[in-house]
file work_21.cif (mmCIF, C-alpha atoms)
data_query
loop_
_atom_site.label_atom_id
_atom_site.label_comp_id
_atom_site.auth_asym_id
_atom_site.auth_seq_id
_atom_site.Cartn_x
_atom_site.Cartn_y
_atom_site.Cartn_z
CA MET A 1 154.62 187.73 132.17
CA ARG A 2 151.13 188.27 130.78
CA ALA A 3 149.35 185.43 129.03
CA ARG A 4 148.41 185.68 125.37
CA ARG A 5 144.94 186.82 124.50
CA SER A 6 142.45 184.27 123.45
CA GLY A 7 138.92 184.59 122.19
CA PRO A 8 137.33 186.04 119.12
CA ALA A 9 139.31 187.79 116.44
CA PRO A 10 140.12 191.41 117.36
CA SER A 11 137.68 192.77 114.79
CA ARG A 12 134.77 190.87 116.39
CA ARG A 13 135.91 191.70 119.90
CA ARG A 14 136.31 195.42 119.29
CA ASP A 15 133.38 196.12 116.99
CA LEU A 16 130.88 196.71 119.73
CA SER A 17 128.90 199.19 117.64
CA ARG A 18 126.97 196.32 116.05
CA LEU A 19 126.02 195.00 119.46
CA GLU A 20 125.05 198.49 120.57
CA ALA A 21 122.77 198.74 117.52
CA ARG A 22 121.12 195.42 118.43
CA LEU A 23 120.62 196.65 121.96
CA GLY A 24 119.35 200.03 120.78
CA HIS A 25 121.78 201.80 123.13
CA ALA A 26 124.99 203.62 122.26
CA PHE A 27 127.19 203.60 125.35
CA ARG A 28 128.69 206.81 126.66
CA ASP A 29 131.03 204.66 128.74
CA ARG A 30 131.87 201.66 126.60
CA ALA A 31 134.00 200.22 129.41
CA LEU A 32 130.72 199.23 131.09
CA LEU A 33 129.77 197.13 128.09
CA GLU A 34 133.23 195.58 127.89
CA ARG A 35 133.08 194.63 131.56
CA ALA A 36 129.60 193.15 131.08
CA LEU A 37 131.04 190.92 128.36
CA THR A 38 134.06 189.84 130.43
CA HIS A 39 133.74 186.36 131.92
CA SER A 40 135.70 185.61 135.08
CA SER A 41 137.93 183.17 133.17
CA TYR A 42 139.10 186.00 130.90
CA ALA A 43 139.61 188.38 133.80
CA HIS A 44 141.66 185.82 135.75
CA GLU A 45 143.63 184.17 132.92
CA ILE A 46 144.22 187.05 130.56
CA ALA A 47 143.20 190.58 131.47
CA GLY A 48 143.71 190.77 135.22
CA GLY A 49 140.81 193.24 135.51
CA PRO A 50 137.23 193.06 136.75
CA ASP A 51 134.76 190.51 135.44
CA ASN A 52 131.00 190.73 134.93
CA GLU A 53 129.83 188.88 138.05
CA ALA A 54 128.90 191.96 140.09
CA MET A 55 127.08 193.34 137.05
CA GLU A 56 125.11 190.08 136.80
CA PHE A 57 123.88 190.79 140.32
CA LEU A 58 122.53 194.22 139.37
CA GLY A 59 121.18 193.00 136.02
CA ASP A 60 119.30 190.16 137.70
CA ALA A 61 117.67 192.58 140.12
CA ALA A 62 116.78 195.11 137.40
CA LEU A 63 115.43 192.36 135.16
CA GLY A 64 113.31 190.92 137.96
CA PHE A 65 111.84 194.29 138.83
CA LEU A 66 111.10 195.40 135.27
CA VAL A 67 109.68 192.04 134.21
CA SER A 68 107.48 191.98 137.32
CA GLU A 69 106.19 195.45 136.54
CA ALA A 70 105.53 194.57 132.88
CA LEU A 71 103.66 191.42 133.88
CA LEU A 72 101.50 193.28 136.37
CA ARG A 73 100.59 195.80 133.67
CA ARG A 74 99.87 193.04 131.13
CA PHE A 75 97.88 190.86 133.55
CA PRO A 76 96.39 193.27 136.13
CA GLY A 77 93.90 190.73 137.46
CA MET A 78 96.26 187.78 137.78
CA ASP A 79 97.13 186.43 141.21
CA GLU A 80 100.63 186.40 142.66
CA GLY A 81 101.13 182.70 141.91
CA GLY A 82 100.36 183.15 138.23
CA LEU A 83 102.55 186.23 137.95
CA SER A 84 105.38 184.36 139.67
CA LYS A 85 105.13 181.48 137.19
CA LEU A 86 105.25 183.85 134.23
CA LYS A 87 108.18 185.76 135.69
CA ALA A 88 110.06 182.53 136.43
CA PHE A 89 109.69 181.57 132.77
CA LEU A 90 110.85 184.93 131.44
CA VAL A 91 113.91 185.19 133.68
CA SER A 92 114.82 181.50 133.45
CA ARG A 93 118.31 180.59 132.34
CA ALA A 94 116.96 178.92 129.21
CA ASN A 95 114.93 181.95 128.17
CA LEU A 96 117.73 184.43 128.89
CA ALA A 97 120.12 182.28 126.85
CA ALA A 98 117.62 182.20 123.99
CA VAL A 99 117.35 186.00 124.07
CA SER A 100 121.15 186.22 124.13
CA ARG A 101 121.36 184.01 121.07
CA ARG A 102 118.69 186.07 119.30
CA ILE A 103 120.73 189.26 119.70
CA GLY A 104 123.99 187.48 118.89
CA LEU A 105 125.71 188.06 122.23
CA GLY A 106 127.95 184.96 122.17
CA PRO A 107 130.63 186.23 119.76
CA TYR A 108 131.16 189.33 121.91
CA LEU A 109 131.94 187.44 125.11
CA ARG A 110 135.48 187.78 126.43
CA LEU A 111 136.40 184.28 127.58
CA GLY A 112 139.52 182.68 128.98
CA ARG A 113 141.19 179.74 127.26
CA THR A 114 139.35 177.07 129.23
CA ALA A 115 135.90 178.56 128.65
CA GLU A 116 136.74 179.12 124.99
CA LYS A 117 137.78 175.48 124.53
CA GLY A 118 134.64 174.37 126.37
CA GLU A 119 132.51 176.24 123.84
CA GLY A 120 131.51 178.84 126.43
CA ARG A 121 130.01 181.09 123.77
CA ARG A 122 127.18 178.59 123.40
CA MET A 123 126.77 177.65 127.06
CA GLU A 124 123.35 178.53 128.40
CA SER A 125 124.67 179.69 131.77
CA LEU A 126 127.31 182.02 130.30
CA LEU A 127 124.87 183.52 127.81
CA ALA A 128 122.19 184.09 130.47
CA ASP A 129 124.69 185.63 132.90
CA ALA A 130 126.13 187.88 130.19
CA LEU A 131 122.68 189.15 129.25
CA GLU A 132 122.03 190.10 132.87
CA ALA A 133 125.38 191.89 132.99
CA VAL A 134 124.63 193.73 129.74
CA LEU A 135 121.29 194.88 131.17
CA ALA A 136 123.20 196.24 134.17
CA ALA A 137 125.68 197.99 131.89
CA VAL A 138 122.84 199.68 130.01
CA HIS A 139 121.26 200.68 133.30
CA LEU A 140 124.51 202.11 134.69
CA ASP A 141 125.21 203.95 131.44
CA GLY A 142 121.75 205.25 130.58
CA GLY A 143 119.60 204.75 133.65
CA GLU A 144 116.06 203.54 133.75
CA ALA A 145 115.27 205.59 130.62
CA ALA A 146 117.56 203.28 128.63
CA THR A 147 116.81 200.03 130.48
CA ARG A 148 113.02 200.05 130.13
CA PRO A 149 112.99 200.33 126.31
CA LEU A 150 115.69 197.63 126.09
CA LEU A 151 113.56 195.31 128.18
CA GLY A 152 110.65 196.03 125.86
CA ARG A 153 112.73 195.22 122.78
CA LEU A 154 114.11 192.02 124.29
CA PHE A 155 111.04 190.66 126.06
CA GLY A 156 108.00 192.67 124.90
CA THR A 157 106.83 190.24 122.24
CA GLN A 158 107.20 187.35 124.67
CA ILE A 159 105.27 189.17 127.39
CA ASP A 160 102.48 190.03 124.95
CA ALA A 161 102.24 186.41 123.80
CA LEU A 162 102.33 184.80 127.26
CA ASP A 163 99.63 182.30 128.05
CA ARG A 164 99.32 181.30 131.68
CA ALA A 165 97.93 177.88 130.79
CA VAL A 166 101.01 177.00 128.75
CA VAL A 167 103.49 178.23 131.36
CA GLU A 168 101.55 176.93 134.37
CA GLY A 169 102.51 173.28 133.92
CA LYS A 170 106.25 173.91 134.00
CA ASP A 171 108.64 174.78 136.83
CA TYR A 172 111.30 177.28 135.73
CA LYS A 173 112.98 177.83 139.09
#
call {"tool": "encode", "arguments": {"input": "work_21.cif", "output": "C-alpha cells"}}
result
Amino acid sequence: MRARRSGPAPSRRRDLSRLEARLGHAFRDRALLERALTHSSYAHEIAGGPDNEAMEFLGDAALGFLVSEALLRRFPGMDEGGLSKLKAFLVSRANLAAVSRRIGLGPYLRLGRTAEKGEGRRMESLLADALEAVLAAVHLDGGEAATRPLLGRLFGTQIDALDRAVVEGKDYK
C-alpha cells in the first residue's frame, strides 16, 4: 500500500513554469527538475523513486568550478588564499540558502511527512542542497550554455560586490 502524498498543494507542486522563469531556463526534460526538488524523505516515504542527493553532488562540483572561474576573472591579481575565502563565502550553506529563498525555491521542494512537519522548506541545509541539485538539473538539461548564465543571474551581483576585507575575517567552511 502506497502512503498518501504530503507536501505543497498540487497546484504549487506542479506549476514548475514559474520556477523555470525565475531560473531563466525552460527544461526540455522536466523530470530532471522534479528530481532536483525531491528530498530523500519524499523519495523514501512517498514516491519510492530517486531523490536529489546524487544531483547535489554534481551541482556542488559545477558550482565550485564556475564560482572559482568567475572569481578569478573578477579578481585576477588575488592570491589563492583570498580567492578561497571568497569562494567559501559564496558556496557556503548560509549563502546558498539565501539564494534559494530569493528565488522562492522552498515551496517547490518535495518533502516527506517528517521533513514537512519539521519545516524543511525553511531549513538552511535543505534549501542549500536543493539549489545545488537544481544547478545540476539545469546543467544536465542545457549544458554549460545554460548553467553559466544561471550562475550569473544567481551570484553575479554578489560576485561584483565582493570585498575581500569584509569576507576575510570570517570562516565559511
call {"tool": "resolve_selection", "arguments": {"input": "work_21.cif", "expression": "the PyMOL selection byres ((chain A and resi 44) around 12)", "output": "ChimeraX atom specification"}}
result
/A:2-3,5,38-43,45-52,110-115
call {"tool": "residues_around", "arguments": {"input": "work_21.cif", "residues": "A:Met55", "least_positions_apart": "3", "cutoff": "12 Å", "atoms": "only C-alpha atoms", "output": "MDAnalysis selection string"}}
result
chainID A and resid 32:40 50:52 58:63 129:140
call {"tool": "axis_aligned_box", "arguments": {"input": "work_21.cif", "around": "stretch 84-90 of chain A", "padding_each_side": "3 Å", "output": "lines of an AutoDock Vina configuration file"}}
result
center_x = 108.0
center_y = 183.6
center_z = 135.6
size_x = 11.7
size_y = 10.3
size_z = 14.2
call {"tool": "atom_distance", "arguments": {"input": "work_21.cif", "atom1": "atom CA of A:Asn95", "atom2": "atom CA of A:Asp79"}}
result
22.5 Å
call {"tool": "residues_around", "arguments": {"input": "work_21.cif", "residues": "A:Ala70", "least_positions_apart": "3", "cutoff": "9 Å", "atoms": "all atoms listed in the file", "output": "ChimeraX atom specification"}}
result
/A:65-67,73-75,152,156,159
call {"tool": "resolve_selection", "arguments": {"input": "work_21.cif", "expression": "the PyMOL selection byres ((chain A and resi 122) around 12)", "output": "list in words"}}
result
Ala94, Ala97, Ala98, Ser100, Arg101, Gly104, Leu105, Gly106, Pro107, Tyr108, Leu109, Leu111, Ala115, Glu116, Lys117, Gly118, Glu119, Gly120, Arg121, Met123, Glu124, Ser125, Leu126, Leu127, Ala128 and Ala130 of chain A
call {"tool": "atom_distance", "arguments": {"input": "work_21.cif", "atom1": "atom CA of A:Gly142", "atom2": "atom CA of A:Val91"}}
result
21.8 Å
call {"tool": "atom_distance", "arguments": {"input": "work_21.cif", "atom1": "atom CA of A:Phe155", "atom2": "atom CA of A:Leu72"}}
result
14.3 Å
call {"tool": "closest_residue", "arguments": {"input": "work_21.cif", "among": "A:Gly143, A:Phe57, A:Arg153, A:Phe89", "to": "A:Ala21", "atoms": "all atoms listed in the file"}}
result
A:Arg153
call {"tool": "closest_residue", "arguments": {"input": "work_21.cif", "among": "A:Leu16, A:Asp163, A:Thr157, A:Gly64", "to": "A:Ser92", "atoms": "all atoms listed in the file"}}
result
A:Gly64
call {"tool": "closest_residue", "arguments": {"input": "work_21.cif", "among": "A:Arg164, A:Ala54, A:Ser17, A:Gly24", "to": "A:Thr147", "atoms": "only C-alpha atoms"}}
result
A:Gly24
